[in-house]
Amino acid sequence: MQHRIIVLGAGYAGASVAGRLAKKLHREDVAITLVNAEPDFVERVRMHQLAVGQDLKPRPFSEMFAGTGVELRLAKVTAVDVDRKTVTVTGPEAGAATEDLELEYDTLVYALGSGWNSQGVPGTAEFADQISSRPGALRLRERLARLDAGQPVVVVGGGLTGLEAATEIAEARPDLDVALAARGDLGDWLSPKGRGHLRKVFDKLGITAYENAAVTAVGADRVTTADGKDLPAAVTVWTTGFAVHPIARATTLEITETGQIAVDRTMRSLSHPDVYAVGDAAMALGPADKPLRMSCATGTPMAWQAADAIAARLTGGKIPKTPLRYFNQCISLGRKEGLIQYVTADDRAVKAALTGRLAATYKELICKGAGWGVANPTLAIPTRRRRVVREQDRAAATAIKAPA
């Protein structure tokens with residue numbers, strides 16, 4: 001009987017897990033099902049580009065996973081029962097006569113990711129736009145296209161997403177009055193060189209930076225800051241962090257206060273050993289036991305670790321350890337400028353930083369590499385498929401070879 005592996009979500013992490021497992025495990029021994037609501041891979045790191053009118057290369061899953069043995073099921077996940085080991089999905093391709101279908105699994109990989117986080121600020125849901133999803137980026141694209149010259153756009157949030165959104169909009173639409181509202185100082189986590197370059201780019205693009213300006217309310221034509229100041233905004237772009245998919249909270253999985261699934265070093269659930277979580281959905285610890293941030297830079301190595309651990313446990317092999325650490329933060333500042341901030345293993349800025357057009361090229365290569373790795377799941381890792389061993393033999397091997 002085949003070992004049934006279900007992967008929920010086909011972002012960078014989920015798609016990488018499915019492809020890597022298909023490359024490592026013999027097709028006769030496993031049935032790998034990838035569940036995703038959309039038929040195409042979404043390059044989330046490029047949503048700011050989509051929002052300003054740039055067209056992205058389509059990456060249909062049907063082509064990406066053709067011939068790999070991975071079954072793609074286009075459906076929305078509505079429930080997960082980790083005690084009964086079932087997943088409920090719904091949608092036009094749920095695969096059943098009725099709208100809902102219940103899928104059974106032996107191993108589950110939870111990679112449903114995250115969406116935008118309104119932070120509970122009044123008016124955000126009604127009046128703000130977001131770029132954490134393709135529908136959100138396309139909606140913002142339409143709104144920006146309708147703006148006349150001179151109208152104000154306010155990007156709320158001074159993190160990586162906010163910086164990329166503000167600079168991309170200002171470069172693509174120099175006729176607009178673009179501003180960014182940051183809770184702290186502009187780029188306050190960057191090195192002095194990084195902060196200096198960021199201010200230089202903001203000045204060149206004509207972006208107004210409102211620093212130490214936490215936004216407390218969003219209206220149809222303005223945002224209000226904690227000190228009572230109203231900033232005019234024909235369009236407000238909300239980029240103050242991410243909130244994980246809510247389904248995990250409705251399960252008996254051990255989760256954190258953020259709703260992320262608590263996992264060990266192999267991305268295995270601390271409460272349910274047949275469940276793995278990767279990407280934004282998981283709370284994994286990096287160097288110095290510091291929680292890893294939600295990002296593509298985090299999700300991809302988490303996916304590699306989970307896939308390798310699953311394959312090793314199923315085949316009785318030794319579980320490898322993928323380094324979960326940081327090297328740099330890559331920030332695009334429009335199409336012509338960039339900033340590569342080098343960091344310590346636990347993501348703290350060091351003095352060194354790469355700036356300018358060379359940094360923009362570096363960031364583009366990183367994005368292309370990440371997209372290529374997902375789009376070519378069985379080419380990225382040359383390896384030999386291994387056979388799944390019997391459960392009793394697997395348990396014995398795992399007890400011997402598992403890392404301390």
# chains A, B, ... in the order shown; residues from 1 in each chain; ligands from 1
$ select_by_dssp --residues "segment 128-372 of chain A" --states "strand (DSSP E)" --output "PyMOL selection string"
chain A and resi 128-129+152-156+177-181+208-210+215-218+222-225+230-232+235-238+242-244+261-262+275-277+282-283+328-332+338-343+349-355
$ residues_around --residues "segment 208-220 of chain A" --least-positions-apart "6" --cutoff "9 Å" --atoms "only C-alpha atoms" --output "PyMOL selection string"
chain A and resi 121-128+156-158+177-186+199+202+226-229+233-236
$ closest_atom_pairs --of "segment 132-244 of chain A" --to "segment 328-340 of chain A" --cutoff "10 Å" --atoms "only C-alpha atoms" --output "CSV"
residue,atom,partner,partner_atom,distance
A:Gly159,CA,A:Ile331,CA,9.9
A:Leu160,CA,A:Ile331,CA,6.5
A:Thr161,CA,A:Ile331,CA,8.5
A:Leu163,CA,A:Leu333,CA,7.1
A:Glu164,CA,A:Leu333,CA,5.5
A:Ala165,CA,A:Leu333,CA,8.3
A:Ala166,CA,A:Leu333,CA,8.2
A:Thr167,CA,A:Leu333,CA,5.2
A:Glu168,CA,A:Gly334,CA,4.3
A:Ile169,CA,A:Gly334,CA,7.9
A:Ala170,CA,A:Gly334,CA,8.0
A:Glu171,CA,A:Gly334,CA,6.0
A:Ala172,CA,A:Gly334,CA,8.0
A:Leu190,CA,A:Gln329,CA,9.5
A:Lys193,CA,A:Leu339,CA,9.8
A:Gly194,CA,A:Leu339,CA,6.9
A:Arg195,CA,A:Leu339,CA,9.6
A:His197,CA,A:Leu339,CA,7.8
A:Leu198,CA,A:Leu339,CA,7.8
A:Val201,CA,A:Leu333,CA,7.5
A:Phe202,CA,A:Leu333,CA,8.9
A:Leu205,CA,A:Gly334,CA,9.4
$ closest_residue --among "A:Glu63, A:Asp106, A:Asp221, A:Glu142" --to "His3 of chain A" --atoms "only C-alpha atoms"
A:Asp106
$ select_by_dssp --residues "segment 205-365 of chain A" --states "helix (DSSP H, G or I)" --output "ChimeraX atom specification"
/A:205,246-250,279-281,287-289,296-315,356-365
$ closest_residue --among "A:Ala66, A:Ile319, A:Thr240, A:Gln305" --to "Ala13 of chain A" --atoms "only C-alpha atoms"
A:Gln305
$ closest_residue --among "A:Arg357, A:Arg313, A:Lys76, A:Lys363" --to "Arg390 of chain A" --atoms "only C-alpha atoms"
A:Arg313
$ atom_distance --atom1 "atom CA of Tyr362 of chain A" --atom2 "atom CA of Gln341 of chain A"
11.6 Å
$ residues_around --residues "segment 26-31 of chain A" --least-positions-apart "5" --cutoff "12 Å" --atoms "only C-alpha atoms" --output "PyMOL selection string"
chain A and resi 1-7+18+20-21+67-72+104-108+310-311+314-315+383-390
$ residues_around --residues "Met283 of chain A" --least-positions-apart "6" --cutoff "8 Å" --atoms "only C-alpha atoms" --output "number ranges by chain"
A: 256, 260-263, 291-292
$ closest_residue --among "A:Thr88, A:Arg59, A:Pro152, A:Gly115" --to "Arg222 of chain A" --atoms "only C-alpha atoms"
A:Pro152
$ residues_around --residues "Leu112 of chain A" --least-positions-apart "2" --cutoff "8 Å" --atoms "only C-alpha atoms" --output "JSON, numbers by chain"
{"A": [8, 9, 10, 11, 14, 110, 114, 244, 245, 280, 281]}
$ atom_distance --atom1 "atom CA of Val82 of chain A" --atom2 "atom CA of Glu102 of chain A"
12.5 Å
$ residues_around --residues "segment 129-131 of chain A" --least-positions-apart "3" --cutoff "10 Å" --atoms "only C-alpha atoms" --output "short mmCIF file (atom, residue, chain, number, x, y, z; two decimals) with C-alpha atoms, in the first residue's frame"
data_model
loop_
_atom_site.label_atom_id
_atom_site.label_comp_id
_atom_site.auth_asym_id
_atom_site.auth_seq_id
_atom_site.Cartn_x
_atom_site.Cartn_y
_atom_site.Cartn_z
CA ARG A 44 5.01 36.45 -3.85
CA VAL A 45 8.30 38.32 -3.75
CA ARG A 46 7.24 40.08 -6.96
CA MET A 47 3.77 41.27 -5.96
CA HIS A 48 4.94 44.89 -5.79
CA GLN A 49 5.97 44.57 -9.44
CA LEU A 50 2.58 43.16 -10.40
CA ALA A 51 0.87 46.01 -8.55
CA GLY A 115 -1.89 36.74 4.37
CA TRP A 116 -1.88 40.39 5.26
CA ASN A 117 -2.25 41.47 8.86
CA SER A 118 -4.51 44.45 9.56
CA THR A 124 -7.86 48.91 7.31
CA ALA A 125 -10.08 46.12 5.99
CA GLU A 126 -12.47 48.60 4.39
CA ARG A 134 -2.09 38.05 -6.30
CA PRO A 135 -5.74 39.18 -6.01
CA GLY A 136 -4.63 41.95 -3.67
CA ALA A 137 -1.83 43.08 -5.98
CA LEU A 138 -4.16 43.07 -8.99
CA ARG A 139 -6.75 45.13 -7.13
CA LEU A 140 -4.07 47.66 -6.17
CA ARG A 141 -2.89 47.67 -9.78
CA ARG A 143 -6.62 51.44 -8.28
CA VAL A 155 2.44 52.94 2.12
CA THR A 161 7.62 44.81 1.85
CA GLY A 162 6.84 48.45 2.56
CA ALA A 165 6.23 48.76 -2.51
CA VAL A 235 -4.73 54.91 -1.96
CA THR A 236 -3.37 53.28 1.19
CA VAL A 237 -1.09 50.24 0.86
CA TRP A 238 -0.93 48.18 4.07
CA THR A 239 2.35 46.25 4.63
CA THR A 240 2.68 45.90 8.41
#
$ residues_around --residues "Ser16 of chain A" --least-positions-apart "6" --cutoff "12 Å" --atoms "only C-alpha atoms" --output "ChimeraX atom specification"
/A:7-10,22-23,34,41,61,64-65,70,109,111,278-279,296,299-308,370-381
$ closest_residue --among "A:Ala284, A:Val52, A:Gly196, A:Val35" --to "Gly91 of chain A" --atoms "only C-alpha atoms"
A:Val35
